[in-house]
Amino acid sequence: VLHEEQTDKELFFIVEVDSSSARCPSCQMMSSRAHSRYTRHVDDLPISDRHVHFQILLHKWFCDEPNCTVIVFTERLSWLQTYKRKTNRLEEVIEKIAFSTNCLTAEKVCKALHIPVSHDTLLRRVQAVTFPQKASPFRGY
């Protein structure tokens, strides 16, 4: 943790991941040759009625495997999807709230829990979930 800041409404942390190597997501080979650094902004579950926000400093790495199609890759974190701005556990809570009621009410519940999310985002999350197709017992009659 490089920096932390607390207000009445938010906990803000700047965190540096100090790794000496990373695994290529394509070929699974370890790389220890750093390319550059980048920053991710991530929200997490609230703590003591405060919104939690991280600024995470990560590495990009060269993949030195000659047969790999990836030249440069970003460092992966197990608790965060590569393209998301919310932790996995916050995503799960938001999904449970979104599926438990309508999106307008879910937005109010999230706001009361200090989770900043709009009803449009909640609706998109519900629409994005795919359910497996089941064969109808009435088909073919």
# chains A, B, ... in the order shown; residues from 1 in each chain; ligands from 1

$ residues_around --residues "Phe54 (chain A)" --least-positions-apart "4" --cutoff "7 Å" --atoms "only C-alpha atoms" --output "JSON, numbers by chain"
{"A": [12, 13, 14, 15, 41, 42, 43]}

$ write_last_selection --atoms "N, CA and C atoms" --output "PDB file, in the first residue's frame"
ATOM      1  N   PHE A  12      -9.829   5.305   0.051  1.00  0.00           N
ATOM      2  CA  PHE A  12      -9.082   5.290  -1.204  1.00  0.00           C
ATOM      3  C   PHE A  12      -7.681   4.770  -0.927  1.00  0.00           C
ATOM      4  N   PHE A  13      -7.258   3.799  -1.743  1.00  0.00           N
ATOM      5  CA  PHE A  13      -5.935   3.202  -1.579  1.00  0.00           C
ATOM      6  C   PHE A  13      -5.205   3.197  -2.913  1.00  0.00           C
ATOM      7  N   ILE A  14      -3.916   3.501  -2.859  1.00  0.00           N
ATOM      8  CA  ILE A  14      -3.037   3.282  -4.005  1.00  0.00           C
ATOM      9  C   ILE A  14      -2.174   2.082  -3.636  1.00  0.00           C
ATOM     10  N   VAL A  15      -2.275   1.036  -4.454  1.00  0.00           N
ATOM     11  CA  VAL A  15      -1.609  -0.228  -4.169  1.00  0.00           C
ATOM     12  C   VAL A  15      -0.689  -0.574  -5.332  1.00  0.00           C
ATOM     13  N   HIS A  41      -8.191   1.277 -12.014  1.00  0.00           N
ATOM     14  CA  HIS A  41      -9.058   1.844 -10.989  1.00  0.00           C
ATOM     15  C   HIS A  41     -10.154   0.831 -10.707  1.00  0.00           C
ATOM     16  N   VAL A  42     -10.274   0.413  -9.438  1.00  0.00           N
ATOM     17  CA  VAL A  42     -11.151  -0.689  -9.080  1.00  0.00           C
ATOM     18  C   VAL A  42     -11.961  -0.338  -7.838  1.00  0.00           C
ATOM     19  N   ASP A  43     -13.250  -0.692  -7.860  1.00  0.00           N
ATOM     20  CA  ASP A  43     -14.115  -0.553  -6.694  1.00  0.00           C
ATOM     21  C   ASP A  43     -14.245  -1.906  -6.010  1.00  0.00           C
TER      22      ASP A  43
END

$ select_by_dssp --residues "chain A" --states "alpha helix (DSSP H)" --output "JSON, numbers by chain"
{"A": [88, 89, 90, 91, 92, 93, 94, 95, 96, 97, 98, 99, 100, 103, 104, 105, 106, 107, 108, 109, 110, 111, 112, 119, 120, 121, 122, 123, 124, 125, 126, 127, 128]}

$ residues_around --residues "region 104-114 of chain A" --least-positions-apart "2" --cutoff "8 Å" --atoms "only C-alpha atoms" --output "JSON, numbers by chain"
{"A": [46, 49, 50, 51, 94, 97, 98, 100, 101, 102, 116, 117, 118, 119, 122]}

$ write_last_selection --atoms "N, CA, C and O atoms" --output "mmCIF file, in the first residue's frame"
data_model
loop_
_atom_site.group_PDB
_atom_site.id
_atom_site.type_symbol
_atom_site.label_atom_id
_atom_site.label_comp_id
_atom_site.auth_asym_id
_atom_site.auth_seq_id
_atom_site.Cartn_x
_atom_site.Cartn_y
_atom_site.Cartn_z
ATOM 1 N N PRO A 46 -18.102 -2.077 0.098
ATOM 2 C CA PRO A 46 -17.959 -0.998 1.083
ATOM 3 C C PRO A 46 -17.557 -1.538 2.456
ATOM 4 O O PRO A 46 -17.851 -2.675 2.800
ATOM 5 N N ASP A 49 -19.784 1.634 5.959
ATOM 6 C CA ASP A 49 -20.559 2.653 5.261
ATOM 7 C C ASP A 49 -19.699 3.590 4.423
ATOM 8 O O ASP A 49 -20.036 4.753 4.229
ATOM 9 N N ARG A 50 -18.582 3.094 3.925
ATOM 10 C CA ARG A 50 -17.711 3.887 3.054
ATOM 11 C C ARG A 50 -17.437 3.120 1.759
ATOM 12 O O ARG A 50 -17.147 1.928 1.787
ATOM 13 N N HIS A 51 -17.520 3.847 0.674
ATOM 14 C CA HIS A 51 -17.173 3.301 -0.634
ATOM 15 C C HIS A 51 -15.662 3.023 -0.651
ATOM 16 O O HIS A 51 -14.868 3.833 -0.165
ATOM 17 N N ILE A 94 -23.610 -7.256 -6.485
ATOM 18 C CA ILE A 94 -24.434 -6.453 -7.390
ATOM 19 C C ILE A 94 -25.384 -7.348 -8.176
ATOM 20 O O ILE A 94 -26.563 -7.030 -8.344
ATOM 21 N N ILE A 97 -28.262 -8.526 -5.944
ATOM 22 C CA ILE A 97 -29.222 -7.444 -5.714
ATOM 23 C C ILE A 97 -30.052 -7.205 -6.971
ATOM 24 O O ILE A 97 -31.272 -7.036 -6.903
ATOM 25 N N ALA A 98 -29.410 -7.203 -8.134
ATOM 26 C CA ALA A 98 -30.111 -6.942 -9.397
ATOM 27 C C ALA A 98 -31.164 -8.003 -9.681
ATOM 28 O O ALA A 98 -32.247 -7.688 -10.189
ATOM 29 N N SER A 100 -32.722 -9.786 -7.418
ATOM 30 C CA SER A 100 -33.677 -9.944 -6.330
ATOM 31 C C SER A 100 -34.877 -9.008 -6.449
ATOM 32 O O SER A 100 -35.889 -9.221 -5.802
ATOM 33 N N THR A 101 -34.774 -7.979 -7.286
ATOM 34 C CA THR A 101 -35.849 -6.993 -7.406
ATOM 35 C C THR A 101 -35.721 -6.283 -8.744
ATOM 36 O O THR A 101 -34.853 -6.618 -9.540
ATOM 37 N N ASN A 102 -36.570 -5.280 -8.975
ATOM 38 C CA ASN A 102 -36.440 -4.526 -10.219
ATOM 39 C C ASN A 102 -35.232 -3.604 -10.131
ATOM 40 O O ASN A 102 -34.720 -3.320 -9.051
ATOM 41 N N PRO A 116 -21.790 2.440 -5.676
ATOM 42 C CA PRO A 116 -22.215 3.325 -6.763
ATOM 43 C C PRO A 116 -22.467 2.550 -8.056
ATOM 44 O O PRO A 116 -21.544 2.063 -8.692
ATOM 45 N N VAL A 117 -23.736 2.410 -8.411
ATOM 46 C CA VAL A 117 -24.119 1.729 -9.647
ATOM 47 C C VAL A 117 -25.479 2.276 -10.077
ATOM 48 O O VAL A 117 -26.335 2.545 -9.242
ATOM 49 N N SER A 118 -25.661 2.451 -11.377
ATOM 50 C CA SER A 118 -26.921 2.990 -11.875
ATOM 51 C C SER A 118 -27.892 1.870 -12.216
ATOM 52 O O SER A 118 -27.491 0.716 -12.404
ATOM 53 N N HIS A 119 -29.169 2.225 -12.325
ATOM 54 C CA HIS A 119 -30.168 1.220 -12.688
ATOM 55 C C HIS A 119 -29.946 0.718 -14.117
ATOM 56 O O HIS A 119 -30.235 -0.437 -14.410
ATOM 57 N N LEU A 122 -27.362 -1.996 -13.861
ATOM 58 C CA LEU A 122 -27.989 -3.192 -13.294
ATOM 59 C C LEU A 122 -28.824 -3.915 -14.349
ATOM 60 O O LEU A 122 -28.777 -5.149 -14.453
#

$ closest_residue --among "A:Arg40, A:His59, A:His53, A:Arg125" --to "Arg23 (chain A)" --atoms "only C-alpha atoms"
A:His59

$ select_by_dssp --residues "region 43-107 of chain A" --states "strand (DSSP E or B)" --output "ChimeraX atom specification"
/A:43-47,50-62,72-74,77,80,86

$ closest_residue --among "A:Thr130, A:Ser136, A:Thr74, A:Thr87" --to "Lys60 (chain A)" --atoms "only C-alpha atoms"
A:Thr74

$ closest_residue --among "A:Pro66, A:Leu11, A:Ala22, A:Glu75" --to "Tyr38 (chain A)" --atoms "only C-alpha atoms"
A:Glu75

$ residues_around --residues "Thr69 (chain A)" --least-positions-apart "3" --cutoff "9 Å" --atoms "only C-alpha atoms" --output "mmCIF file with all heavy atoms, in the first residue's frame"
data_model
loop_
_atom_site.group_PDB
_atom_site.id
_atom_site.type_symbol
_atom_site.label_atom_id
_atom_site.label_comp_id
_atom_site.auth_asym_id
_atom_site.auth_seq_id
_atom_site.Cartn_x
_atom_site.Cartn_y
_atom_site.Cartn_z
ATOM 1 N N SER A 26 -1.902 -16.571 -22.610
ATOM 2 C CA SER A 26 -2.091 -17.337 -23.835
ATOM 3 C C SER A 26 -1.350 -18.679 -23.803
ATOM 4 O O SER A 26 -1.944 -19.726 -24.001
ATOM 5 C CB SER A 26 -1.624 -16.510 -25.025
ATOM 6 O OG SER A 26 -1.781 -17.231 -26.210
ATOM 7 N N CYS A 27 -0.049 -18.645 -23.530
ATOM 8 C CA CYS A 27 0.758 -19.880 -23.591
ATOM 9 C C CYS A 27 1.097 -20.440 -22.205
ATOM 10 O O CYS A 27 1.684 -21.508 -22.099
ATOM 11 C CB CYS A 27 2.037 -19.634 -24.383
ATOM 12 S SG CYS A 27 3.210 -18.523 -23.563
ATOM 13 N N CYS A 63 6.124 -11.542 -23.561
ATOM 14 C CA CYS A 63 6.111 -13.002 -23.621
ATOM 15 C C CYS A 63 7.236 -13.410 -24.570
ATOM 16 O O CYS A 63 7.221 -13.073 -25.751
ATOM 17 C CB CYS A 63 4.777 -13.540 -24.123
ATOM 18 S SG CYS A 63 4.758 -15.350 -24.145
ATOM 19 N N GLU A 65 8.079 -16.519 -25.360
ATOM 20 C CA GLU A 65 7.849 -17.813 -26.016
ATOM 21 C C GLU A 65 7.709 -17.567 -27.527
ATOM 22 O O GLU A 65 6.810 -16.844 -27.963
ATOM 23 C CB GLU A 65 6.580 -18.458 -25.461
ATOM 24 C CG GLU A 65 6.192 -19.759 -26.111
ATOM 25 C CD GLU A 65 7.219 -20.853 -25.923
ATOM 26 O OE1 GLU A 65 7.892 -20.882 -24.864
ATOM 27 O OE2 GLU A 65 7.358 -21.678 -26.830
ATOM 28 N N PRO A 66 8.590 -18.141 -28.342
ATOM 29 C CA PRO A 66 8.577 -17.847 -29.782
ATOM 30 C C PRO A 66 7.291 -18.262 -30.492
ATOM 31 O O PRO A 66 6.903 -17.646 -31.478
ATOM 32 C CB PRO A 66 9.774 -18.624 -30.344
ATOM 33 C CG PRO A 66 10.378 -19.364 -29.223
ATOM 34 C CD PRO A 66 9.667 -19.037 -27.961
#

$ closest_residue --among "A:Cys103, A:Leu58, A:Ala135, A:Cys68" --to "Thr121 (chain A)" --atoms "only C-alpha atoms"
A:Cys103

$ atom_distance --atom1 "CA of Glu5 (chain A)" --atom2 "CA of Arg89 (chain A)"
22.2 Å

$ closest_residue --among "A:Gln28, A:Lys96, A:Arg33, A:Thr39" --to "Asn67 (chain A)" --atoms "only C-alpha atoms"
A:Gln28

$ atom_distance --atom1 "CA of Leu123 (chain A)" --atom2 "CA of Ser78 (chain A)"
26.2 Å
